[in-house]
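Here's the structure, in structure tokens; my notes come after.
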Amino acid sequence: MVGAKRKLSRAEGANKSARTEAEQPTVPEDPVEMYSDEDMEGGFEDLEDGDDGDEPEDQDMEDDEEEDGHVQGAPSKLTEPSESSAPDARFSVPSLEEIHGLKETSELYMNNMFKLQLDEMMRQIRPDFEHAQTLEQALRRMHKVFDSLPSLPPQSLPDALSSLERLSDARIVPPFADPKPREEAAYKFSFEKPSNIHLVGSWPLRTAARRPGELDVDVEVCMPSALFQEKDTFNARYFHKRAFYLAVIASALQKDAKLGMDVEFMDPEHNGRSTCLVLRARDTSSKEFRKFKTVIRVHAAHELGLFPLGRLAPNRNSLRGAIADAEEGSRLAPTPQYNSSLVADSLRMPHLLFLHSTAEACAGFAEASQLLKTWATQRGFGSLLLNGSQLKKYPGRQMVAGSENTRFMLTMLLAHLLHGDEPSSGLRGRTLHAQRPKLSFGYNSYQLMRGVFDFLAKHPWATSPVYMRAQPRYGLASHAEQVPPTSFSAASRVLVDPSGCVNLLAAWPAASVDLLQQEAAQTLHMLNDAESDCFRALFLTPRTSPVETFDEAGVVTLSTRSDDTVRRLDAGSARAYAIEHMLGISATALGSRAWNVAVSYSAPATTWALSEEPPALSRKVEFGVRLNAEHAWRQVEHGPPPEDAVSCTSFRAFWGDVAELRRFRDGRVLESVVWPVSNLDERTALPRRVLQHALLRHGCITKPSKLQFVNPTFDGLLDVKPDLAHRAYLKSPLEVGFSAVQGAYDVLVKQLRAMDDLPLSVIGVQPVAQALRSMSTFAPGPLNLAELGSEVPDCASYLPVHPLLLTLESSGRWPDDLGAIQEMKAALYERMAAVLGPKLPGAIMRVVYDRDAEAGETIQDQSSLQITLPAGFAFSCRIHHDREHHLLERLVRSSSGAARRRAQDALTRYDQRFVHAAAHHAALQALYDQYPSLGTTVRLVERWVSAQMLSTQVPVEAIELLAVAVYTSSAHTPPATGVAGLVRVLTLLRDWHHRETVLIVPLEAASRRAHEYRQVKADADRKAPGTAPADLRHITATSPPVTVTSTQRVAAEQAFRAARARDPAIHHSAWSIATDLDESGSLWTHEAPSVTIADALRQLADRAVAHIESPVVQKDETMVLFTPSLKMYDFVLHLDPAVHTRYAESLQPDSSAWLAKDKRAFKNLRAVRPSLYGNESRPGWDPVGEYVELLQSLYPGIFHLFYDHHGGTAIGGVWDNAMKKPHPFKVMLGYSSRPESKSNVVLNTEAILSELARLGFGLVKKVEVSST
């Protein structure tokens, strides 16, 4: 690791060397406040021998190749040096500029690959500004059209619309903003050709960045001042005249045949006041222009200074709403968004001049702006231009509510950090002194981008407004006298442009700004992680769906009814007002339960034909809630004490009849809301319940069904059907969860440690069972052993076995021979059974051998003590003797051939069973203590994998490591719900190129962090109960990432490359999951999954994520994810569920499997079917699993079997491809065959299937053979 420590002079010198003194622009002579080295720089890791990584391509950003074969930004063709070239010409000493570039790469970027990926991406997203001749031709033609426009005299609205129709020879509907103009309006509509025409926006700045869909080029037409009156600022009169002006221009552009453009209206801000024209090349127009994938947007503007700015201050009212007779608008509620839209129409050109000057002075400005825009687009900030086939190419893209101007806002924020604040008096009477610029003009694009992220993440937006410095040279002089800073006091988030008149965040709900801040903090967290490749997560992977980003997500159909007419009109649309209202209510209702609530809607900007009315905005929007896991599921809302009458009135008004006055155990008397729960599912649903109550009470929704969540559709997937659970278990697992098995474990451990009659005392008991770390797919219930064979049906009689490792006190009595050690273990198990019997009345003790145990085996551990407790749980105890490891290692070194392979197999089993399993369990248990949703995530992923009939194909430990990778990733905050964790694990499976890369999981480092978290919390609670940090898990910009060391990463990558070199066909370790406990990456995945299964899982995960992001809000839609298709199998063995001991775990169990058809125990209760297995408990007995193992041992290499061990009633089989081909006949062929020709035979599939049915008699109901 090379540290990134650099002095300011070196940084500026390195950047300035790229430009000559003659090229140096004038840089403002402001003092510069530099960020610290830690803020602005990262380290890099020399991965010269590492994996080259993936090309930075993504379907959401890549451009199609040009039809003539030219790809924009591609390097020119390289030529070989001629033989006559001098050696020093080919291998010359690097220039000073190249040395500076290499040094900058090593010091600034997180690793050496990041800079290369960044450069490659910039070639993809940078438009081809130099080859825009067809665009220039279209703009010149538009200018001619504008110059030839005829004038229209002032006239009433009906007469003006008639004149418009005569001009266009077709019906054109002006896009009037709300409130719509009345036909009898006193003001007149007229038209004069534009006084000025400007090219504005990002195109002339060269800060435009390609994104999904089309790129926009903005043209501004300035409306003559003679068309307006001073009173036009009120009641949307200006916007009505503006809409009529645009309609006249649209008619002329549409009629011009030489232009060859289709013209539509578009509302980029979704407020009815920013409507513009969109010009898109027709199919018959220039082929070169269509290939450019660019549209032209025409905006209408008024001249700077036309209207008094004091009248348009954000604390003034310009919409009288229902009070038409009001004499003075300032007495009404302010209309900041309306006023901001009107003023902003005159500032496009001054903003362009200001930004252009900044870009000239800062060489990295344009590229930094493009990086910021790309980053924001991938996170759902900013609208898109999608048309026709592009809507299908990018389905479901969402945009964060109110963030339509994100790209412009981020560019202005970058300029602000280069110029510094405006000195002025602040809000609430405070004086804001001018601060030095945060960023230097000498920074490169990466440093500038990082500086913006740092400011976004750390600035207290809720309490500290931001004022950009005035720029009088560009028409952005300060107007503090007319628009004082205190006029922005009502705004929740403030970023004022250099004119001091426009809040760039006026249309942003506070929740959307907070979400942007959290995304910036998370991005800084990724940039600080020098050991991980986060480039794809930063710039290439779209994360616009709330399902993929938030812990709770869903769809809400908003009520647009409102009694506050002024606020609704100010918002620009009923939907915008409803969203703002919903977010405010949600924030109050959830309080500390959630970090953030956000709303999103379709990202593509709405366009419509000139002859149509503007389409109504959909009231159905998506939302997401990022939960604070420390407080999300509390049952009591504490309100004010009764002495505070005003607060009590407000509290009761908000919560309604659920609020009550309560006395608590500590003596406090408070207004409170108590949310009762009866089981774990109801507790998990508390945030949803709170949110639904608040939104319904305050009119955000009209009925509960209008609020639909994704997470409830996954309920029940991890639970046994309630009526069956009550028959089979002493207590329902739905009510007690994992506490029942943990309680039984504690009882057993107490008795094991208390055994005094053993030759060696038990000094340690280490659990290694999934259920004892709360990660088994089903929480094991206490099986009613007394009712086996009667009330407990056979299909619910499965009794899982939970393995434990016992450590005995050190002693010289142990023999120094492997065979004798195994015999001594068996003897100790028998002695333990005798000692424990009296202490555990009703318990059943058995010394059992593994299923693969062999008679005469002397070196391998293969026995254990199985204990079935009367409480309904079974445990398996194995003695861990560390001397075995030394003896096995010595045997491996001293033997050869078959004996060495046997010894190596025994050593591998020992390590996995006694060393790695224990360490794995301990690490996961620590992580579960820190992240309670980790257990549910693992369980849901296991359920999903099993439902694909891949139960035997993927080790559970590998699934657990995938989940840990999600929780320790610096790409996002740890999920607080299991469904959010499931989606992210599926996303990881989709994006992980397992054939080319190793997945590195910092398991031990994460567990150490979890222990530290628990210790800090315990210390805080001990010093002052209740004052522990709200949630130490919440990622901030300064928290260090959890990662492996660079040495461990290099070792893991080297081991992966070596493994792939040895096994290019990937017969083993298709998944390589390395940890800081296992650098080989093959500990749990050496044998499974196979490369075919790994590839299939990636495809399934891709489809599953796309399906969930729809989003899924209906139960039957979710069940599609867990319902596999049987058409892909060559044959299917259908099982009888009545004799399947795990059928109770099925996704949709049929009661006919356990209830007698025509027999009743009572008049209202059907009797249980007669038992086949009787009343004897059989721990671990799974007849379907045994049957599958039997078939695989009898027919190795003939077929592959797939099934769901969680109650699946079908076994899918696929014939091995090699077995389908004819083979020469020979004796002892090894499988049933039939003649195919005189010398060849083929597999006799019919006979084999008959054998399978015979072997499964009583279990297999029928055999289905595929017809294809």
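Residues are referred to by chain and number: the chain letter is A, B, ... according to the order shown in the structure tokens, the number counts from 1 in that chain, and ligands are numbered separately from 1 in the order shown.
Within 9 Å of Arg348 in chain A, once only C-alpha atoms are used and residues closer than 6 positions along the same chain are dropped, the contacting residues are Val200, Gly201, Glu220 and Ala301 of chain A.
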Considering only alpha helix (DSSP H) as DSSP defines it on the backbone, what residues of range 120-318 of chain A qualify? List them as a PDB file with C-alpha atoms, in the first residue's frame.
```
ATOM      1  CA  GLU A 120     -12.447   4.370 -20.414  1.00  0.00           C
ATOM      2  CA  MET A 121     -15.852   5.402 -19.104  1.00  0.00           C
ATOM      3  CA  MET A 122     -15.241   9.028 -19.978  1.00  0.00           C
ATOM      4  CA  ARG A 123     -14.714   8.029 -23.605  1.00  0.00           C
ATOM      5  CA  GLN A 124     -18.129   6.380 -23.497  1.00  0.00           C
ATOM      6  CA  ILE A 125     -20.145   9.133 -21.830  1.00  0.00           C
ATOM      7  CA  GLN A 133     -22.276  19.390 -38.007  1.00  0.00           C
ATOM      8  CA  THR A 134     -25.795  18.046 -38.540  1.00  0.00           C
ATOM      9  CA  LEU A 135     -26.837  19.480 -35.184  1.00  0.00           C
ATOM     10  CA  GLU A 136     -25.407  22.859 -36.130  1.00  0.00           C
ATOM     11  CA  GLN A 137     -27.282  22.773 -39.425  1.00  0.00           C
ATOM     12  CA  ALA A 138     -30.550  22.087 -37.607  1.00  0.00           C
ATOM     13  CA  LEU A 139     -29.890  24.955 -35.196  1.00  0.00           C
ATOM     14  CA  ARG A 140     -29.183  27.369 -38.042  1.00  0.00           C
ATOM     15  CA  ARG A 141     -32.380  26.337 -39.785  1.00  0.00           C
ATOM     16  CA  MET A 142     -34.316  26.905 -36.559  1.00  0.00           C
ATOM     17  CA  HIS A 143     -32.838  30.387 -36.321  1.00  0.00           C
ATOM     18  CA  LYS A 144     -34.161  31.206 -39.784  1.00  0.00           C
ATOM     19  CA  VAL A 145     -37.591  29.964 -38.799  1.00  0.00           C
ATOM     20  CA  PHE A 146     -37.591  32.142 -35.679  1.00  0.00           C
ATOM     21  CA  ASP A 147     -36.539  35.220 -37.666  1.00  0.00           C
ATOM     22  CA  LEU A 157     -57.730  34.351 -25.339  1.00  0.00           C
ATOM     23  CA  PRO A 158     -60.447  32.980 -27.705  1.00  0.00           C
ATOM     24  CA  ASP A 159     -59.241  35.240 -30.531  1.00  0.00           C
ATOM     25  CA  ALA A 160     -55.605  34.327 -29.846  1.00  0.00           C
ATOM     26  CA  LEU A 161     -56.394  30.595 -30.034  1.00  0.00           C
ATOM     27  CA  SER A 162     -58.258  31.167 -33.319  1.00  0.00           C
ATOM     28  CA  SER A 163     -55.262  33.033 -34.753  1.00  0.00           C
ATOM     29  CA  LEU A 164     -52.995  30.208 -33.649  1.00  0.00           C
ATOM     30  CA  GLU A 165     -55.136  27.647 -35.409  1.00  0.00           C
ATOM     31  CA  ARG A 166     -55.075  29.700 -38.619  1.00  0.00           C
ATOM     32  CA  LEU A 167     -51.296  29.952 -38.448  1.00  0.00           C
ATOM     33  CA  SER A 168     -50.726  26.239 -37.960  1.00  0.00           C
ATOM     34  CA  SER A 202     -24.648  21.754 -20.876  1.00  0.00           C
ATOM     35  CA  TRP A 203     -23.936  21.499 -24.610  1.00  0.00           C
ATOM     36  CA  PRO A 204     -22.081  24.805 -25.057  1.00  0.00           C
ATOM     37  CA  LEU A 205     -20.361  24.185 -21.715  1.00  0.00           C
ATOM     38  CA  ARG A 237     -50.457  35.146 -16.185  1.00  0.00           C
ATOM     39  CA  TYR A 238     -46.806  35.106 -17.254  1.00  0.00           C
ATOM     40  CA  PHE A 239     -46.865  31.339 -17.711  1.00  0.00           C
ATOM     41  CA  HIS A 240     -50.085  31.524 -19.732  1.00  0.00           C
ATOM     42  CA  LYS A 241     -48.505  34.014 -22.129  1.00  0.00           C
ATOM     43  CA  ARG A 242     -45.358  31.904 -22.195  1.00  0.00           C
ATOM     44  CA  ALA A 243     -47.376  28.798 -23.149  1.00  0.00           C
ATOM     45  CA  PHE A 244     -49.091  30.673 -25.958  1.00  0.00           C
ATOM     46  CA  TYR A 245     -45.695  31.932 -27.190  1.00  0.00           C
ATOM     47  CA  LEU A 246     -44.336  28.372 -27.274  1.00  0.00           C
ATOM     48  CA  ALA A 247     -47.424  27.174 -29.147  1.00  0.00           C
ATOM     49  CA  VAL A 248     -46.880  29.778 -31.900  1.00  0.00           C
ATOM     50  CA  ILE A 249     -43.232  28.743 -32.238  1.00  0.00           C
ATOM     51  CA  ALA A 250     -44.224  25.072 -32.279  1.00  0.00           C
ATOM     52  CA  SER A 251     -46.666  25.637 -35.151  1.00  0.00           C
ATOM     53  CA  ALA A 252     -43.943  27.265 -37.249  1.00  0.00           C
ATOM     54  CA  LEU A 253     -41.364  24.568 -36.510  1.00  0.00           C
ATOM     55  CA  GLN A 254     -43.852  21.804 -37.240  1.00  0.00           C
ATOM     56  CA  LYS A 255     -44.772  23.312 -40.619  1.00  0.00           C
ATOM     57  CA  LYS A 287     -29.365   9.761 -41.111  1.00  0.00           C
ATOM     58  CA  GLU A 288     -26.352  11.344 -39.417  1.00  0.00           C
ATOM     59  CA  PHE A 289     -28.556  13.417 -37.134  1.00  0.00           C
ATOM     60  CA  ARG A 290     -30.645  10.407 -36.107  1.00  0.00           C
ATOM     61  CA  LYS A 291     -27.480   8.506 -35.269  1.00  0.00           C
TER      62      LYS A 291
END
```
- Message: Would you pick out the contacts of range 844-851 of chain A at 6 Å or less, using only C-alpha atoms, so that residues sharing its chain but fewer than 4 positions from it are not included, and give the list as a list of chain:residue names?
- Response: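 Near range 844-851 of chain A, the qualifying residues are A:Ala833, A:Gln862, A:Ser863, A:Ser864, A:Leu865, A:Gln866, A:Ile867, A:Thr868.
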Can those selected residues be exported to a file as an mmCIF file, in the first residue's frame so that it contains N, CA and C atoms?
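Contents of the output file selection_1.cif:
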```cif
data_model
loop_
_atom_site.group_PDB
_atom_site.id
_atom_site.type_symbol
_atom_site.label_atom_id
_atom_site.label_comp_id
_atom_site.auth_asym_id
_atom_site.auth_seq_id
_atom_site.Cartn_x
_atom_site.Cartn_y
_atom_site.Cartn_z
ATOM 1 N N ALA A 833 -23.680 -41.115 27.703
ATOM 2 C CA ALA A 833 -25.091 -41.499 27.653
ATOM 3 C C ALA A 833 -25.531 -42.063 28.998
ATOM 4 N N GLN A 862 -16.038 -40.499 12.650
ATOM 5 C CA GLN A 862 -17.300 -40.892 12.024
ATOM 6 C C GLN A 862 -18.373 -41.304 13.031
ATOM 7 N N SER A 863 -18.183 -40.994 14.305
ATOM 8 C CA SER A 863 -19.193 -41.330 15.307
ATOM 9 C C SER A 863 -19.537 -40.099 16.129
ATOM 10 N N SER A 864 -20.694 -40.156 16.794
ATOM 11 C CA SER A 864 -21.143 -39.047 17.630
ATOM 12 C C SER A 864 -22.190 -39.558 18.599
ATOM 13 N N LEU A 865 -22.499 -38.732 19.596
ATOM 14 C CA LEU A 865 -23.550 -39.042 20.555
ATOM 15 C C LEU A 865 -24.788 -38.221 20.181
ATOM 16 N N GLN A 866 -25.871 -38.912 19.869
ATOM 17 C CA GLN A 866 -27.127 -38.246 19.489
ATOM 18 C C GLN A 866 -28.060 -38.237 20.694
ATOM 19 N N ILE A 867 -28.531 -37.056 21.053
ATOM 20 C CA ILE A 867 -29.377 -36.866 22.232
ATOM 21 C C ILE A 867 -30.707 -36.274 21.785
ATOM 22 N N THR A 868 -31.798 -36.987 22.076
ATOM 23 C CA THR A 868 -33.139 -36.474 21.794
ATOM 24 C C THR A 868 -33.780 -36.087 23.115
#
```
- Task: Give me the residues within 7 Å of Pro1041 in chain A as a list of chain:residue names, counting only C-alpha atoms and dropping any in the same chain fewer than 5 places off.
- Result: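 So, after excluding close chain neighbours, the residues are A:His525, A:Asp529, A:Ser970.
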Would you mind exporting the chosen residues as a PDB file, in the first residue's frame, restricted to N, CA and C atoms?
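Output below, filename again.pdb:
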```pdb
ATOM      1  N   HIS A 525     -17.689   6.539   1.398  1.00  0.00           N
ATOM      2  CA  HIS A 525     -17.314   5.295   2.066  1.00  0.00           C
ATOM      3  C   HIS A 525     -16.678   4.327   1.065  1.00  0.00           C
ATOM      4  N   ASP A 529     -12.484   2.934   0.494  1.00  0.00           N
ATOM      5  CA  ASP A 529     -12.170   1.513   0.534  1.00  0.00           C
ATOM      6  C   ASP A 529     -11.200   1.185  -0.598  1.00  0.00           C
ATOM      7  N   SER A 970     -19.111  -2.026   1.054  1.00  0.00           N
ATOM      8  CA  SER A 970     -19.106  -0.569   1.183  1.00  0.00           C
ATOM      9  C   SER A 970     -19.981   0.100   0.132  1.00  0.00           C
TER      10      SER A 970
END
```
- Rank A:Ala333, A:Ala506, A:Thr702, A:Thr486 by their smallest atom-to-atom distance to Arg561 in chain A, using only C-alpha atoms, and report the top residue only.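 So, comparing all the options, the nearest one is A:Thr702.
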- Test item, strand (DSSP E or B) assignment across range 876-925 of chain A, answer as a list of chain:residue names: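 Filtering range 876-925 of chain A down to strand (DSSP E or B) leaves A:Ser876, A:Cys877, A:Arg878, A:Ile879, A:His880.
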Keeping only N, CA and C atoms, write the selected residues as a PDB file, in the first residue's frame.
```
ATOM      1  N   SER A 876     -26.494 -33.486  18.303  1.00  0.00           N
ATOM      2  CA  SER A 876     -25.435 -34.438  18.016  1.00  0.00           C
ATOM      3  C   SER A 876     -24.135 -33.892  18.579  1.00  0.00           C
ATOM      4  N   CYS A 877     -23.487 -34.653  19.475  1.00  0.00           N
ATOM      5  CA  CYS A 877     -22.269 -34.185  20.147  1.00  0.00           C
ATOM      6  C   CYS A 877     -21.065 -34.933  19.599  1.00  0.00           C
ATOM      7  N   ARG A 878     -20.041 -34.170  19.213  1.00  0.00           N
ATOM      8  CA  ARG A 878     -18.777 -34.761  18.748  1.00  0.00           C
ATOM      9  C   ARG A 878     -17.640 -34.220  19.600  1.00  0.00           C
ATOM     10  N   ILE A 879     -16.714 -35.086  19.927  1.00  0.00           N
ATOM     11  CA  ILE A 879     -15.563 -34.684  20.740  1.00  0.00           C
ATOM     12  C   ILE A 879     -14.454 -34.170  19.828  1.00  0.00           C
ATOM     13  N   HIS A 880     -13.987 -32.995  20.145  1.00  0.00           N
ATOM     14  CA  HIS A 880     -12.893 -32.372  19.395  1.00  0.00           C
ATOM     15  C   HIS A 880     -11.596 -32.598  20.167  1.00  0.00           C
TER      16      HIS A 880
END
```
- Task: Could you check which of A:Phe455, A:Arg626, A:Met1219, A:Ser1177 is closest to Pro437 in chain A, using only C-alpha atoms?
- Result: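 When distances to Pro437 in chain A are compared using only C-alpha atoms, the smallest one comes from A:Phe455.
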Taking 6 positions as the minimum chain separation for residues in the same chain, which residues sit within 12 Å of Val956 in chain A when counting only C-alpha atoms? Answer as an mmCIF file with C-alpha atoms, in the first residue's frame.
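Below is the file that was written, part_27.cif:
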```cif
data_model
loop_
_atom_site.group_PDB
_atom_site.id
_atom_site.type_symbol
_atom_site.label_atom_id
_atom_site.label_comp_id
_atom_site.auth_asym_id
_atom_site.auth_seq_id
_atom_site.Cartn_x
_atom_site.Cartn_y
_atom_site.Cartn_z
ATOM 1 C CA ALA A 769 -25.692 -25.776 13.966
ATOM 2 C CA GLN A 770 -27.394 -23.260 11.690
ATOM 3 C CA ALA A 771 -30.399 -23.080 13.984
ATOM 4 C CA MET A 775 -29.961 -19.017 10.225
ATOM 5 C CA SER A 776 -31.679 -22.307 9.448
ATOM 6 C CA THR A 777 -34.391 -21.880 6.837
ATOM 7 C CA ALA A 917 -17.106 -24.907 11.141
ATOM 8 C CA HIS A 920 -17.503 -19.913 10.803
ATOM 9 C CA HIS A 921 -20.253 -20.256 13.397
ATOM 10 C CA VAL A 938 -29.756 -16.116 4.907
ATOM 11 C CA ARG A 939 -33.021 -17.976 5.451
ATOM 12 C CA LEU A 940 -34.751 -16.301 2.510
ATOM 13 C CA VAL A 941 -31.811 -16.924 0.192
ATOM 14 C CA GLU A 942 -31.689 -20.573 1.250
ATOM 15 C CA ARG A 943 -35.440 -20.822 0.676
ATOM 16 C CA VAL A 945 -32.158 -21.613 -3.731
ATOM 17 C CA SER A 946 -34.019 -24.679 -2.470
ATOM 18 C CA LEU A 950 -30.977 -26.896 -5.963
ATOM 19 C CA LEU A 962 -22.841 -14.393 0.182
ATOM 20 C CA ALA A 963 -25.086 -12.747 2.747
ATOM 21 C CA TRP A 1084 -16.986 -24.644 1.311
ATOM 22 C CA THR A 1085 -17.332 -24.634 -2.479
ATOM 23 C CA ALA A 1088 -20.450 -27.563 -5.220
ATOM 24 C CA PRO A 1089 -21.928 -25.715 -6.917
#
```
- Which neighbours of Ser774 in chain A fall inside 9 Å, counting only C-alpha atoms, when residues of the same chain fewer than 4 positions from it are skipped, and could you give them as a PyMOL selection string? chain A and resi 737-738+769-770+779+925+928+935-936+939
Take the residues from that selection and write them out as a PDB file, in the first residue's frame, keeping C-alpha atoms.
```pdb
ATOM      1  CA  GLY A 737     -38.831 -18.311  16.882  1.00  0.00           C
ATOM      2  CA  PHE A 738     -35.351 -19.640  17.657  1.00  0.00           C
ATOM      3  CA  ALA A 769     -25.692 -25.776  13.966  1.00  0.00           C
ATOM      4  CA  GLN A 770     -27.394 -23.260  11.690  1.00  0.00           C
ATOM      5  CA  ALA A 779     -36.983 -22.042  13.045  1.00  0.00           C
ATOM      6  CA  GLN A 925     -23.069 -15.411  15.464  1.00  0.00           C
ATOM      7  CA  TYR A 928     -26.035 -11.755  13.704  1.00  0.00           C
ATOM      8  CA  GLY A 935     -30.474 -14.351   9.813  1.00  0.00           C
ATOM      9  CA  THR A 936     -33.642 -13.637   7.845  1.00  0.00           C
ATOM     10  CA  ARG A 939     -33.021 -17.976   5.451  1.00  0.00           C
TER      11      ARG A 939
END
```
- Task: Show which residues sit within 8 Å of range 680-696 of chain A, as a ChimeraX atom specification. Count only C-alpha atoms, and ignore same-chain residues fewer than 3 positions away.
- Result: /A:582,585-586,589-590,593,632-635,654-655,675,677,699-704,707,709,712,715,734-737
Output N, CA and C atoms for every residue in the selection just made, as a compact mmCIF listing (two decimals), in the first residue's frame.
```txt
# COMPACT_ATOMS: atom_id res chain seq x y z
N MET A 582 -47.17 13.72 1.89
CA MET A 582 -46.93 12.35 2.35
C MET A 582 -45.57 12.23 3.04
N ILE A 585 -45.68 13.81 6.56
CA ILE A 585 -46.40 12.98 7.51
C ILE A 585 -45.58 11.73 7.85
N SER A 586 -44.95 11.14 6.84
CA SER A 586 -44.17 9.92 7.07
C SER A 586 -42.99 10.19 7.99
N ALA A 589 -44.33 10.53 11.52
CA ALA A 589 -44.86 9.27 12.06
C ALA A 589 -43.75 8.29 12.41
N LEU A 590 -42.78 8.14 11.53
CA LEU A 590 -41.72 7.16 11.76
C LEU A 590 -40.66 7.68 12.72
N ARG A 593 -37.54 5.81 13.89
CA ARG A 593 -37.61 4.45 13.31
C ARG A 593 -36.91 4.37 11.95
N ALA A 632 -36.51 0.71 14.89
CA ALA A 632 -37.61 0.53 13.93
C ALA A 632 -38.76 -0.28 14.50
N TRP A 633 -38.47 -1.20 15.41
CA TRP A 633 -39.50 -2.13 15.85
C TRP A 633 -39.91 -1.92 17.32
N ARG A 634 -39.70 -0.73 17.82
CA ARG A 634 -40.16 -0.45 19.18
C ARG A 634 -41.69 -0.38 19.18
N GLN A 635 -42.28 -0.72 20.30
CA GLN A 635 -43.74 -0.82 20.38
C GLN A 635 -44.39 0.43 20.97
N PHE A 654 -52.17 14.50 15.89
CA PHE A 654 -51.45 13.73 14.87
C PHE A 654 -51.83 12.26 14.90
N TRP A 655 -51.86 11.65 16.09
CA TRP A 655 -52.06 10.21 16.20
C TRP A 655 -53.53 9.80 16.31
N TRP A 675 -48.29 0.01 20.29
CA TRP A 675 -48.65 -0.86 19.17
C TRP A 675 -48.50 -2.31 19.63
N VAL A 677 -48.35 -6.34 19.71
CA VAL A 677 -48.00 -7.40 18.75
C VAL A 677 -48.15 -8.74 19.46
N GLY A 699 -55.10 11.80 5.40
CA GLY A 699 -55.65 11.96 4.06
C GLY A 699 -54.67 11.78 2.93
N CYS A 700 -53.48 11.21 3.20
CA CYS A 700 -52.53 10.96 2.11
C CYS A 700 -53.00 9.82 1.23
N ILE A 701 -53.73 8.88 1.81
CA ILE A 701 -54.36 7.80 1.06
C ILE A 701 -55.82 7.73 1.47
N THR A 702 -56.64 7.19 0.58
CA THR A 702 -58.08 7.16 0.86
C THR A 702 -58.51 5.89 1.57
N LYS A 703 -57.76 4.81 1.42
CA LYS A 703 -58.07 3.56 2.10
C LYS A 703 -56.80 2.73 2.22
N PRO A 704 -56.77 1.77 3.15
CA PRO A 704 -55.53 1.01 3.38
C PRO A 704 -54.98 0.32 2.14
N LEU A 707 -52.04 1.63 -0.10
CA LEU A 707 -50.64 1.56 0.33
C LEU A 707 -50.23 0.10 0.33
N PHE A 709 -47.05 -2.73 0.26
CA PHE A 709 -45.64 -2.96 0.53
C PHE A 709 -45.17 -4.24 -0.17
N PRO A 712 -44.40 -7.67 2.85
CA PRO A 712 -45.42 -8.62 3.32
C PRO A 712 -45.69 -9.77 2.36
N ASP A 715 -44.05 -12.88 3.50
CA ASP A 715 -44.44 -13.47 4.78
C ASP A 715 -44.92 -14.91 4.57
N LEU A 734 -43.73 -19.87 15.01
CA LEU A 734 -44.10 -18.50 14.65
C LEU A 734 -44.14 -17.60 15.88
N GLU A 735 -44.43 -18.20 17.03
CA GLU A 735 -44.54 -17.42 18.27
C GLU A 735 -43.21 -17.34 19.03
N VAL A 736 -42.44 -18.43 19.01
CA VAL A 736 -41.23 -18.48 19.84
C VAL A 736 -39.95 -18.32 19.03
N GLY A 737 -40.02 -18.47 17.70
CA GLY A 737 -38.83 -18.31 16.88
C GLY A 737 -37.74 -19.29 17.26
```
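CA of Arg206 in chain A is found 11.0 Å from CA of Glu360 in chain A.
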Restrict the calculation to only C-alpha atoms, then for each residue of range 150-186 of chain A with any atom at most 8 Å from an atom of range 612-622 of chain A give the closest atom pair and their distance in Å to one decimal, rows by chain and rising residue number, as JSON lines.
```
{"residue": "A:Ile172", "atom": "CA", "partner": "A:Glu612", "partner_atom": "CA", "distance": 7.4}
{"residue": "A:Val173", "atom": "CA", "partner": "A:Glu612", "partner_atom": "CA", "distance": 6.1}
{"residue": "A:Pro175", "atom": "CA", "partner": "A:Pro614", "partner_atom": "CA", "distance": 6.5}
```
- Query: What gap, in Å, lies between CA of Leu1190 in chain A and CA of Leu1255 in chain A?
  - Reply: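 Distance reported for this atom pair: 9.0 Å.
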- From the set A:Val710, A:Leu760, A:Leu215, A:Ile1066, which residue has the shortest atom-to-atom contact distance to Val556 in chain A, counting only C-alpha atoms?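 Under the stated criterion, the closest residue is A:Val710.
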- Message: What does the structure give for the distance between CA of Val1105 in chain A and CA of Ala980 in chain A, in Å to one decimal?
- Response: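 Separation between CA of Val1105 in chain A and CA of Ala980 in chain A: 11.2 Å.
Ranking A:Glu214, A:Asp1078, A:Asp666, A:Glu854 by their shortest atom-to-atom distance to Leu386 in chain A, with only C-alpha atoms included, puts A:Glu214 first.
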